[in-house]
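What follows is the content of upload.tsv, which has TSV, C-alpha atoms:
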chain	number	residue	atom	x	y	z
A	1197	MET	CA	-22.13	15.02	-12.19
A	1198	ARG	CA	-23.04	18.32	-13.83
A	1199	PRO	CA	-20.29	20.54	-15.20
A	1200	CYS	CA	-20.38	24.05	-13.85
A	1201	PRO	CA	-17.69	26.71	-13.47
A	1202	LYS	CA	-18.58	27.33	-9.82
A	1203	CYS	CA	-18.18	23.66	-8.84
A	1204	TYR	CA	-14.58	23.07	-7.90
A	1205	PHE	CA	-12.69	19.92	-7.16
A	1206	ALA	CA	-10.28	19.57	-4.25
A	1207	MET	CA	-7.44	17.06	-4.09
A	1208	VAL	CA	-5.83	15.13	-1.26
A	1209	GLN	CA	-2.54	13.32	-1.78
A	1210	GLY	CA	-1.20	10.71	0.57
A	1211	VAL	CA	-0.63	7.05	1.32
A	1212	ILE	CA	-3.50	4.60	1.58
A	1213	VAL	CA	-3.32	3.20	5.12
A	1214	GLU	CA	-6.55	1.19	5.11
A	1215	LEU	CA	-9.08	-0.21	2.64
A	1216	MET	CA	-12.40	-1.41	4.02
A	1217	PRO	CA	-15.54	-2.75	2.36
A	1218	GLY	CA	-18.40	-0.29	2.50
A	1219	ARG	CA	-21.53	-0.50	4.56
A	1220	MET	CA	-24.82	1.33	4.21
A	1221	GLY	CA	-26.28	1.36	7.71
A	1222	ASN	CA	-26.17	-2.22	8.98
A	1223	ASN	CA	-25.99	-3.75	5.49
A	1224	GLN	CA	-22.91	-4.76	3.53
A	1225	THR	CA	-22.70	-3.22	0.05
A	1226	ASN	CA	-21.52	-6.51	-1.49
A	1227	GLY	CA	-18.07	-5.08	-2.24
A	1228	CYS	CA	-19.31	-2.33	-4.54
A	1229	ILE	CA	-18.19	0.44	-2.20
A	1230	ILE	CA	-14.72	0.62	-0.68
A	1231	TYR	CA	-13.52	3.12	1.91
A	1232	ALA	CA	-9.91	4.19	1.50
A	1233	THR	CA	-8.28	5.93	4.46
A	1234	VAL	CA	-5.46	8.20	3.29
A	1235	GLU	CA	-2.74	9.78	5.42
A	1236	ASP	CA	-1.11	12.92	4.00
A	1237	ALA	CA	2.49	14.10	4.55
A	1238	ASN	CA	1.43	15.96	7.73
A	1239	GLY	CA	-0.17	12.89	9.32
A	1240	ASN	CA	-3.76	14.04	8.67
A	1241	THR	CA	-6.23	11.35	7.63
A	1242	VAL	CA	-9.13	11.53	5.21
A	1243	THR	CA	-11.48	8.73	4.17
A	1244	PHE	CA	-12.67	8.45	0.57
A	1245	MET	CA	-15.65	6.45	-0.57
A	1246	ILE	CA	-14.76	4.70	-3.84
A	1247	THR	CA	-17.82	3.61	-5.81
A	1248	SER	CA	-18.46	2.28	-9.31
A	1249	SER	CA	-18.76	5.89	-10.50
A	1250	THR	CA	-15.27	6.84	-9.22
A	1251	PHE	CA	-12.88	7.17	-12.16
A	1252	VAL	CA	-9.57	5.50	-11.36
A	1253	VAL	CA	-6.89	6.77	-13.77
A	1254	ASP	CA	-5.42	3.93	-15.85
A	1255	TRP	CA	-7.94	1.58	-14.18
A	1256	GLU	CA	-5.27	0.57	-11.66
A	1257	THR	CA	-6.03	-1.41	-8.53
A	1258	LEU	CA	-5.47	0.69	-5.42
A	1259	SER	CA	-3.76	-1.04	-2.49
A	1260	VAL	CA	-2.66	-0.25	1.05
A	1261	GLY	CA	0.73	1.49	0.87
A	1262	ASP	CA	0.08	3.16	-2.51
A	1263	ARG	CA	0.80	6.91	-2.82
A	1264	CYS	CA	-2.37	8.25	-4.39
A	1265	MET	CA	-4.32	11.39	-5.18
A	1266	PHE	CA	-8.06	11.65	-4.67
A	1267	TRP	CA	-10.32	14.40	-6.01
A	1268	TYR	CA	-13.74	15.22	-4.64
A	1269	ARG	CA	-16.33	17.91	-5.32
A	1270	VAL	CA	-16.21	20.68	-2.77
A	1271	ASP	CA	-19.92	21.37	-3.27
A	1272	ALA	CA	-20.97	17.76	-2.62
A	1273	PRO	CA	-22.61	16.85	0.70
A	1274	ALA	CA	-20.31	15.25	3.25
A	1275	PRO	CA	-20.99	13.94	6.76
A	1276	LEU	CA	-19.64	16.04	9.64
A	1277	ILE	CA	-17.41	13.35	11.10
A	1278	TYR	CA	-13.73	12.85	11.88
A	1279	PRO	CA	-11.77	11.88	9.96
A	1280	PRO	CA	-13.48	13.73	7.09
A	1281	GLN	CA	-15.17	11.51	4.54
A	1282	TYR	CA	-15.73	12.41	0.89
A	1283	ALA	CA	-17.04	10.66	-2.20
A	1284	ALA	CA	-14.08	10.26	-4.56
A	1285	VAL	CA	-14.77	11.51	-8.09
A	1286	VAL	CA	-11.28	10.65	-9.40
A	1287	ALA	CA	-8.42	8.59	-7.93
A	1288	ALA	CA	-4.91	8.10	-9.28
A	1289	LYS	CA	-1.64	6.56	-8.18
A	1290	VAL	CA	1.18	9.12	-7.95
A	1291	LYS	CA	3.62	8.68	-10.84
A	1292	ASN	CA	7.01	10.32	-11.25
A	1293	ARG	CA	6.63	11.97	-14.65
A	1294	SER	CA	2.91	12.60	-14.97
A	1295	MET	CA	0.90	15.46	-13.53
A	1296	ILE	CA	-2.89	15.40	-13.29
A	1297	ASP	CA	-5.41	18.23	-13.15
A	1298	VAL	CA	-9.10	17.68	-12.48
A	1299	SER	CA	-11.20	20.75	-13.16
A	1300	PHE	CA	-13.92	22.33	-15.25
A	1301	TYR	CA	-12.44	23.74	-18.47
A	1302	ASN	CA	-14.15	26.67	-20.18
A	1303	ALA	CA	-14.56	27.46	-23.90
A	1304	ALA	CA	-10.93	28.68	-24.06
A	1305	LEU	CA	-9.79	25.39	-22.44
A	1306	VAL	CA	-8.66	27.17	-19.26
A	1307	ASN	CA	-9.38	25.42	-15.97
A	1308	ALA	CA	-11.70	26.89	-13.32
A	1309	GLU	CA	-8.74	27.91	-11.14
A	1310	GLN	CA	-7.20	29.84	-14.10
A	1311	THR	CA	-3.91	27.95	-13.62
A	1312	LEU	CA	-3.75	25.70	-16.71
A	1313	GLN	CA	-4.64	26.16	-20.38
A	1314	LEU	CA	-4.78	23.25	-22.81
A	1315	ASN	CA	-3.19	23.35	-26.26
A	1316	MET	CA	-4.85	20.69	-28.37
A	1317	ASP	CA	-3.14	18.99	-31.27
A	1318	GLY	CA	-3.80	15.78	-33.14
A	1319	SER	CA	-1.76	13.72	-30.69
A	1320	VAL	CA	-3.98	14.26	-27.63
A	1321	LYS	CA	-5.92	11.14	-26.66
A	1322	LEU	CA	-9.46	12.24	-25.78
A	1323	ARG	CA	-11.53	9.57	-24.01
A	1324	THR	CA	-14.52	9.07	-21.76
A	1325	THR	CA	-14.03	7.50	-18.34
A	1326	ASN	CA	-15.00	4.09	-19.74
A	1327	ASN	CA	-12.12	4.41	-22.27
A	1328	GLN	CA	-14.23	5.17	-25.33
A	1329	TYR	CA	-13.21	7.84	-27.84
A	1330	PHE	CA	-14.84	11.17	-26.99
A	1331	GLN	CA	-16.38	12.56	-30.15
A	1332	GLY	CA	-17.07	16.16	-29.04
A	1333	SER	CA	-15.09	19.14	-27.90
A	1334	PRO	CA	-13.51	19.00	-24.42
A	1335	ALA	CA	-14.47	22.66	-23.87
A	1336	ASN	CA	-17.09	23.35	-21.19
A	1337	HIS	CA	-16.62	19.98	-19.52
A	1338	SER	CA	-15.06	18.71	-16.33
A	1339	LEU	CA	-11.84	17.00	-17.40
A	1340	VAL	CA	-9.10	14.77	-16.05
A	1341	VAL	CA	-5.98	16.11	-17.78
A	1342	ILE	CA	-2.76	14.08	-17.74
A	1343	TYR	CA	0.35	15.95	-18.82
A	1344	GLU	CA	4.12	15.84	-18.38
A	1345	SER	CA	5.26	19.45	-18.76
A	1346	SER	CA	3.91	22.98	-18.95
A	1347	THR	CA	5.10	26.51	-19.58
A	1348	ARG	CA	5.82	28.92	-16.73
A	1349	SER	CA	3.26	31.42	-18.00
A	1350	ILE	CA	0.08	32.40	-16.20
A	1351	PRO	CA	-1.94	30.36	-16.84
A	1352	ALA	CA	0.56	27.61	-17.57
A	1353	GLN	CA	0.06	26.00	-20.95
A	1354	THR	CA	0.39	22.35	-21.80
A	1355	THR	CA	-0.27	19.91	-24.59
A	1356	PRO	CA	-1.78	17.03	-22.61
A	1357	LYS	CA	-0.80	13.43	-23.09
A	1358	GLN	CA	-4.34	12.29	-22.36
A	1359	ILE	CA	-7.71	13.78	-21.44
A	1360	PHE	CA	-10.66	11.99	-19.89
A	1361	VAL	CA	-14.04	13.72	-20.03
A	1362	LEU	CA	-16.20	13.40	-16.92
A	1363	CYS	CA	-19.48	13.19	-18.83
A	1364	ASP	CA	-22.77	14.25	-17.25
A	1365	ASN	CA	-24.76	11.60	-15.42
As structure tokens, the full file:
Amino acid sequence: MRPCPKCYFAMVQGVIVELMPGRMGNNQTNGCIIYATVEDANGNTVTFMITSSTFVVDWETLSVGDRCMFWYRVDAPAPLIYPPQYAAVVAAKVKNRSMIDVSFYNAALVNAEQTLQLNMDGSVKLRTTNNQYFQGSPANHSLVVIYESSTRSIPAQTTPKQIFVLCDN
């Protein structure tokens, strides 16, 4: 995945109603791809392809009945089928206290939507998606930001609890 300010992520939140092993044509993918069908609060369904490159926050196992959020790239190719099907970039279970933002953050650590600005201090855990310490600056990267509170300013400001950097492939 290449970071770029014009590449936005979209999010769907809902309950997983089905998990199916993936297929590529007539061939099984040996369990390496899973399709998760999600139903949102309005009864709409979306299918997400979960692969080995999908970052699952906290490395939790997703199950039928879980309330989850899935992010996908809006500029990524997707088949024109119903229900819509997207490749999941990030997946997370919904938790009561934590909020999550997935976006490209510029040099000022403001997200692409201009809705959240990060205040960094020594307490912020900065990791890669394979849970290694990230040694660089989070600026000008696509990030998964986990936080618990923010100001009411525009953009809102927060000191994140944890940041995962979606490094370039």
Can you build me a table of segment 1204-1269 of chain A residues sitting at most 7 Å from segment 1286-1296 of chain A, with the closest atom pair per residue and its distance in Å to one decimal, using all atoms listed in the file, sorted by chain and residue number, as CSV?
residue,atom,partner,partner_atom,distance
A:Thr1250,CA,A:Val1286,CA,5.5
A:Phe1251,CA,A:Val1286,CA,4.7
A:Val1252,CA,A:Ala1287,CA,4.8
A:Val1253,CA,A:Ala1288,CA,5.1
A:Asp1262,CA,A:Lys1289,CA,6.8
A:Arg1263,CA,A:Val1290,CA,5.6
A:Cys1264,CA,A:Lys1289,CA,4.2
A:Met1265,CA,A:Ala1288,CA,5.3
A:Phe1266,CA,A:Ala1287,CA,4.5
A:Trp1267,CA,A:Val1286,CA,5.1
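Residues having any atom no farther than 12 Å from (-20.2, 3.1, -7.3) (counting only C-alpha atoms) are Gly1218, Thr1225, Asn1226, Gly1227, Cys1228, Ile1229, Ile1230, Tyr1231, Met1245, Ile1246, Thr1247, Ser1248, Ser1249, Thr1250, Phe1251, Val1252, Ala1283, Ala1284, Val1285 and Val1286 of chain A.
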(request) Just give me the gap between atom CA of Pro1356 of chain A and atom CA of Glu1256 of chain A in Å, one decimal is fine. (result)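 We find that atom CA of Pro1356 of chain A and atom CA of Glu1256 of chain A lie 20.1 Å from each other.
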(request) Choose the residue, out of A:Phe1205, A:Tyr1278, A:Tyr1301, A:Trp1255, that has the smallest atom-to-atom separation from Val1242 of chain A; count all atoms listed in the file. (result)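 Closest residue, counting all atoms listed in the file: A:Tyr1278.
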Write out as lines of an AutoDock Vina configuration file an axis-aligned box for segment 1302-1307 of chain A: all of its atoms listed in the file, 6 Å added on each side, centre and edge lengths in Å with one decimal.
center_x = -11.6
center_y = 27.0
center_z = -20.0
size_x = 17.9
size_y = 15.3
size_z = 20.1
(message) So, with all atoms listed in the file as the atoms that count, which of A:Glu1214, A:Glu1309, A:Asp1271, A:Glu1344 lies closest to Thr1243 of chain A?
(response) A:Glu1214
(message) So, with all atoms listed in the file as the atoms that count, which of A:Gly1261, A:Pro1351, A:Gly1210, A:Gly1332 lies closest to Asn1307 of chain A?
(response) A:Pro1351
